[in-house]
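Source file: start-v9.txt. Holds: compact mmCIF, C-alpha atoms.
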```txt
# COMPACT_ATOMS: atom_id res chain seq x y z
CA MET A 1 9.90 36.62 -2.07
CA GLN A 2 12.32 35.25 -4.60
CA ILE A 3 12.47 31.61 -5.60
CA GLU A 4 15.78 30.24 -6.73
CA ARG A 5 15.42 28.39 -10.00
CA ASN A 6 18.54 26.24 -9.93
CA ILE A 7 17.76 24.07 -6.94
CA ASP A 8 19.67 20.81 -6.70
CA LEU A 9 17.03 18.40 -5.42
CA THR A 10 19.71 15.99 -4.22
CA GLU A 11 20.29 18.48 -1.40
CA PHE A 12 16.93 17.51 0.07
CA LYS A 13 16.95 14.15 1.72
CA LEU A 14 14.40 11.95 3.38
CA ALA A 15 14.78 10.52 6.87
CA PHE A 16 14.33 6.80 7.55
CA SER A 17 14.82 4.39 10.48
CA GLU A 18 13.15 4.24 13.85
CA SER A 19 16.38 4.78 15.75
CA GLU A 20 17.17 8.16 17.26
CA MET A 21 19.92 8.51 14.68
CA HIS A 22 17.70 8.57 11.61
CA SER A 23 19.47 7.74 8.38
CA SER A 24 18.80 9.77 5.26
CA ASP A 25 18.61 9.11 1.55
CA VAL A 26 17.28 10.84 -1.55
CA ASN A 27 15.59 7.66 -2.77
CA ILE A 28 12.55 6.15 -1.07
CA VAL A 29 13.28 2.60 -2.25
CA THR A 30 16.90 2.49 -1.09
CA GLY A 31 16.10 4.42 2.08
CA LEU A 32 13.46 1.91 3.15
CA LYS A 33 15.52 -1.06 2.00
CA ASN A 34 18.64 0.02 3.88
CA SER A 35 17.15 1.61 6.99
CA GLY A 36 13.49 0.72 7.34
CA PRO A 37 10.60 3.12 7.90
CA TYR A 38 10.81 6.37 9.83
CA SER A 39 8.19 5.08 12.27
CA SER A 40 5.95 2.07 12.66
CA SER A 41 5.04 2.70 16.29
CA SER A 42 1.59 4.00 15.31
CA LEU A 43 0.56 0.95 13.29
CA ARG A 44 -3.00 0.09 14.22
CA PHE A 45 -3.30 -3.23 12.39
CA GLU A 46 -2.09 -6.79 12.87
CA ASN A 47 -2.86 -8.22 9.45
CA ILE A 48 -3.80 -7.42 5.88
CA MET A 49 -7.05 -8.79 4.48
CA ILE A 50 -7.21 -8.97 0.68
CA LEU A 51 -10.86 -8.92 -0.36
CA CYS A 52 -11.18 -10.42 -3.82
CA PRO A 53 -14.05 -11.43 -6.11
CA SER A 54 -14.75 -15.14 -5.62
CA THR A 55 -14.21 -15.58 -9.36
CA ASP A 56 -10.69 -14.06 -9.11
CA MET A 57 -9.25 -15.77 -6.04
CA GLU A 58 -6.08 -16.62 -7.96
CA LEU A 59 -5.34 -12.89 -8.29
CA GLY A 60 -5.84 -12.46 -4.55
CA ARG A 61 -3.48 -15.35 -3.79
CA LYS A 62 -0.93 -13.90 -6.22
CA LEU A 63 -1.05 -10.50 -4.48
CA LYS A 64 -0.72 -12.23 -1.09
CA GLU A 65 2.33 -14.15 -2.29
CA TYR A 66 4.05 -11.02 -3.59
CA LEU A 67 3.22 -8.94 -0.51
CA LEU A 68 4.63 -11.64 1.77
CA ASN A 69 7.60 -12.85 -0.28
CA GLY A 70 8.32 -9.98 -2.65
CA TYR A 71 8.96 -9.89 -6.35
CA PRO A 72 12.49 -10.74 -7.57
CA ARG A 73 14.78 -7.72 -8.00
CA THR A 74 12.06 -5.07 -7.55
CA PHE A 75 10.29 -5.60 -4.19
CA ASP A 76 11.52 -7.36 -1.06
CA GLY A 77 8.11 -8.01 0.50
CA PHE A 78 5.99 -5.93 2.88
CA ASN A 79 7.39 -7.30 6.15
CA LYS A 80 10.99 -7.00 5.06
CA VAL A 81 10.65 -3.46 3.68
CA PHE A 82 8.68 -2.11 6.65
CA ARG A 83 10.13 -4.43 9.31
CA THR A 84 6.74 -5.70 10.41
CA LYS A 85 5.23 -9.12 11.05
CA MET A 86 1.95 -8.75 9.17
CA SER A 87 0.02 -11.82 8.17
CA VAL A 88 -1.97 -11.67 4.94
CA GLU A 89 -5.22 -13.47 4.22
CA VAL A 90 -7.41 -13.62 1.13
CA VAL A 91 -11.18 -13.44 1.58
CA PRO A 92 -13.71 -13.80 -1.26
CA TYR A 93 -16.75 -11.66 -1.88
CA ASP A 94 -19.57 -12.55 -4.29
CA LEU A 95 -21.08 -9.41 -5.79
CA GLU A 96 -19.02 -6.38 -6.72
CA ASN A 97 -20.78 -3.71 -4.69
CA GLU A 98 -19.78 -1.78 -1.58
CA ASP A 99 -22.26 -3.53 0.74
CA THR A 100 -21.14 -7.05 -0.22
CA ILE A 101 -17.46 -6.13 -0.02
CA PHE A 102 -17.82 -4.45 3.38
CA SER A 103 -19.92 -7.35 4.67
CA ALA A 104 -17.18 -9.85 3.69
CA PHE A 105 -14.64 -7.71 5.54
CA ASP A 106 -16.79 -7.24 8.62
CA LYS A 107 -17.63 -10.96 8.84
CA ASN A 108 -14.02 -12.16 8.43
CA LYS A 109 -11.91 -9.57 10.24
CA GLN A 110 -9.75 -10.93 13.01
CA GLY A 111 -8.41 -8.48 15.54
CA THR A 112 -7.32 -5.48 13.56
CA SER A 113 -7.40 -6.29 9.85
CA PHE A 114 -6.52 -3.74 7.18
CA PRO A 115 -8.67 -4.18 4.05
CA VAL A 116 -7.18 -4.26 0.55
CA VAL A 117 -10.00 -4.55 -1.98
CA VAL A 118 -9.33 -6.01 -5.42
CA ALA A 119 -12.05 -4.85 -7.82
CA ASP A 120 -12.71 -4.52 -11.52
CA ILE A 121 -12.63 -0.74 -11.78
CA PRO A 122 -11.83 0.89 -15.13
CA LYS A 123 -9.26 3.70 -15.06
CA ILE A 124 -11.84 6.25 -16.12
CA ASP A 125 -14.49 5.14 -13.57
CA TYR A 126 -12.93 6.69 -10.46
CA ALA A 127 -15.34 9.65 -10.50
CA ASP A 128 -18.35 7.53 -9.63
CA GLY A 129 -19.35 3.94 -9.21
CA LEU A 130 -17.64 1.20 -7.25
CA TYR A 131 -14.40 2.98 -6.30
CA TYR A 132 -16.04 5.83 -4.37
CA GLY A 133 -18.82 3.58 -3.12
CA VAL A 134 -16.31 1.24 -1.45
CA LYS A 135 -14.17 4.12 -0.14
CA SER A 136 -17.27 5.81 1.30
CA LYS A 137 -18.63 2.64 2.93
CA PHE A 138 -15.34 1.86 4.70
CA ILE A 139 -14.56 5.44 5.71
CA ARG A 140 -18.05 5.96 7.15
CA SER A 141 -17.38 2.96 9.39
CA GLY A 142 -14.08 4.52 10.53
CA GLN A 143 -11.94 2.15 8.49
CA ALA A 144 -9.23 3.15 6.00
CA VAL A 145 -9.09 0.99 2.86
CA GLN A 146 -6.77 0.42 -0.09
CA ILE A 147 -8.34 -0.37 -3.45
CA VAL A 148 -6.39 -2.25 -6.10
CA ARG A 149 -7.64 -2.27 -9.66
CA ARG A 150 -7.92 -5.86 -10.94
CA GLU A 151 -6.15 -4.81 -14.13
CA SER A 152 -3.05 -3.84 -12.10
CA LEU A 153 -2.59 -7.47 -11.05
CA LEU A 154 -2.93 -9.05 -14.48
CA ASP A 155 0.34 -7.91 -16.07
CA ASP A 156 3.38 -9.15 -14.12
CA ASN A 157 5.63 -6.54 -15.73
CA GLN A 158 3.38 -3.76 -14.46
CA LEU A 159 2.77 -5.47 -11.12
CA ARG A 160 6.44 -5.85 -10.24
CA TRP A 161 6.84 -2.04 -10.34
CA TYR A 162 3.47 -1.37 -8.70
CA LEU A 163 4.05 -3.48 -5.57
CA PHE A 164 6.41 -1.04 -3.86
CA SER A 165 4.17 2.01 -4.22
CA LEU A 166 1.12 -0.06 -3.28
CA SER A 167 2.89 -1.21 -0.12
CA VAL A 168 3.88 2.35 0.82
CA GLN A 169 0.21 3.36 0.48
CA ILE A 170 -0.94 0.42 2.61
CA PHE A 171 1.72 1.05 5.29
CA SER A 172 0.82 4.75 5.45
CA LYS A 173 -2.92 4.09 5.70
CA MET A 174 -2.19 1.58 8.48
CA GLY A 175 -0.70 4.44 10.49
CA GLY A 176 2.99 3.97 9.65
CA VAL A 177 5.33 6.73 8.54
CA PRO A 178 7.56 5.41 5.74
CA PHE A 179 9.79 8.50 5.62
CA ALA A 180 9.96 12.14 6.64
CA LEU A 181 11.77 15.18 5.35
CA ASP A 182 15.26 15.20 6.83
CA ARG A 183 15.16 18.45 8.82
CA SER A 184 18.92 18.82 8.85
CA PHE A 185 18.68 19.88 5.20
CA VAL A 186 15.94 22.47 5.62
```
Can you turn what I pasted into structure tokens?
Amino acid sequence: MQIERNIDLTEFKLAFSESEMHSSDVNIVTGLKNSGPYSSSSLRFENIMILCPSTDMELGRKLKEYLLNGYPRTFDGFNKVFRTKMSVEVVPYDLENEDTIFSAFDKNKQGTSFPVVVADIPKIDYADGLYYGVKSKFIRSGQAVQIVRRESLLDDNQLRWYLFSLSVQIFSKMGGVPFALDRSFV
């Protein structure tokens, strides 16, 4: 088997749009912006629940605002990008541990809520501690979860670039398919 070394990656495109005539693009951002997601028919959720420490509710409200209304010139907002009608709510939790966070979710979920947990997790602490504890607690209950490091929400310059990738992760974990490999190029 020989692998060609001079591959032009612009030859490979991604498919977008729910119509039978999928559109294609090499860029995820412009593909979603212009055509919408490849599929949202498998979405299993009606709203997004941001679980936030009660001492950091302002960060939760800020994330809600940006998810709903976007961030100027870098992110158009969750519903506009993915062509959904998600509502977003912010729910406080008191102690930063997996049981308290899950309990706040379980007590406040309405219909089918997708949890986004804001927590103070250091970059180097992913291997143990709160991150895996929260992931484990939600997954064992059959619930996907997105965790957002508190630090990611503090710097607006970082946040404005983070919102798009965060939204793609949320949409995918909700059961949506943001894009697929355009098979006409394979």
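Restricting the calculation to all atoms listed in the file, the smallest distance between Asp182 (chain A) and any of A:Tyr38, A:Leu32, A:Pro53, A:Val148 is found for A:Tyr38.
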Open item on the list: Given the point (15.9, -3.8, -6.3) in the file's coordinates, find the residues that have an atom at most 9 Å from it, counting only C-alpha atoms, and give them as a ChimeraX atom specification.
Closed with: /A:29-30,33,72-76
Would you output that residue set with C-alpha atoms, as an mmCIF file, in the frame of the given file?
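selection_33.cif was written with the following content:
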```
data_model
loop_
_atom_site.group_PDB
_atom_site.id
_atom_site.type_symbol
_atom_site.label_atom_id
_atom_site.label_comp_id
_atom_site.auth_asym_id
_atom_site.auth_seq_id
_atom_site.Cartn_x
_atom_site.Cartn_y
_atom_site.Cartn_z
ATOM 1 C CA VAL A 29 13.280 2.600 -2.250
ATOM 2 C CA THR A 30 16.900 2.490 -1.090
ATOM 3 C CA LYS A 33 15.520 -1.060 2.000
ATOM 4 C CA PRO A 72 12.490 -10.740 -7.570
ATOM 5 C CA ARG A 73 14.780 -7.720 -8.000
ATOM 6 C CA THR A 74 12.060 -5.070 -7.550
ATOM 7 C CA PHE A 75 10.290 -5.600 -4.190
ATOM 8 C CA ASP A 76 11.520 -7.360 -1.060
#
```
Open item on the list: What's the separation between CA of Val177 (chain A) and CA of Gly60 (chain A), in Å to one decimal place?
Closed with: 25.8 Å
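Proximity of A:Arg149, A:Lys62, A:Lys107, A:His22 to Leu130 (chain A), computed with all atoms listed in the file, is greatest for A:Arg149.
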Task: A:Leu67, A:Cys52, A:Leu59, A:Val81 ranked by distance to Asn97 (chain A), top pick (using only C-alpha atoms) - done: A:Cys52
TODO: Return the single residue from A:Ala119, A:Ile170, A:Ala144, A:Ala15 that is closest to Gly36 (chain A), with distances computed using only C-alpha atoms.
DONE: A:Ala15
TODO: Would you list the residues near (-13.7, -12.6, -1.1) (no more than 12 Å away, in the coordinates of the file, using all atoms listed in the file) as a ChimeraX atom specification?
DONE: /A:49-61,89-97,100-109,115-119
Please, what is the axis-aligned box for every listed atom of region 115-121 of chain A with 5 Å on each side, as centre and edge lengths in Å to one decimal, as AutoDock Vina command-line options?
```
--center_x -9.9 --center_y -3.4 --center_z -3.9 --size_x 15.5 --size_y 15.3 --size_z 25.8
```
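Relative to CA of Gln169 (chain A), CA of Asp99 (chain A) is found at 23.5 Å.
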Task: Ser87 (chain A) environment, 9 Å, all atoms listed in the file, sequence neighbours closer than 2 positions dropped, as a PyMOL selection string - done: chain A and resi 46-49+68+79+85+89
Output C-alpha atoms for every residue in that selection, as a PDB file, keeping the file's coordinate frame.
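Produced file out.pdb, reproduced below:
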```pdb
ATOM      1  CA  GLU A  46      -2.090  -6.790  12.870  1.00  0.00           C
ATOM      2  CA  ASN A  47      -2.860  -8.220   9.450  1.00  0.00           C
ATOM      3  CA  ILE A  48      -3.800  -7.420   5.880  1.00  0.00           C
ATOM      4  CA  MET A  49      -7.050  -8.790   4.480  1.00  0.00           C
ATOM      5  CA  LEU A  68       4.630 -11.640   1.770  1.00  0.00           C
ATOM      6  CA  ASN A  79       7.390  -7.300   6.150  1.00  0.00           C
ATOM      7  CA  LYS A  85       5.230  -9.120  11.050  1.00  0.00           C
ATOM      8  CA  GLU A  89      -5.220 -13.470   4.220  1.00  0.00           C
TER       9      GLU A  89
END
```
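Using all atoms listed in the file, the residues found no farther than 12 Å from Asn27 (chain A), other than those of its own chain fewer than 2 positions away, are Leu9, Thr10, Glu11, Phe12, Lys13, Leu14, Ala15, Phe16, Ser23, Ser24, Asp25, Val29, Thr30, Gly31, Leu32, Lys33, Asn34, Ser35, Pro178, Phe179, Ala180 and Leu181 of chain A.
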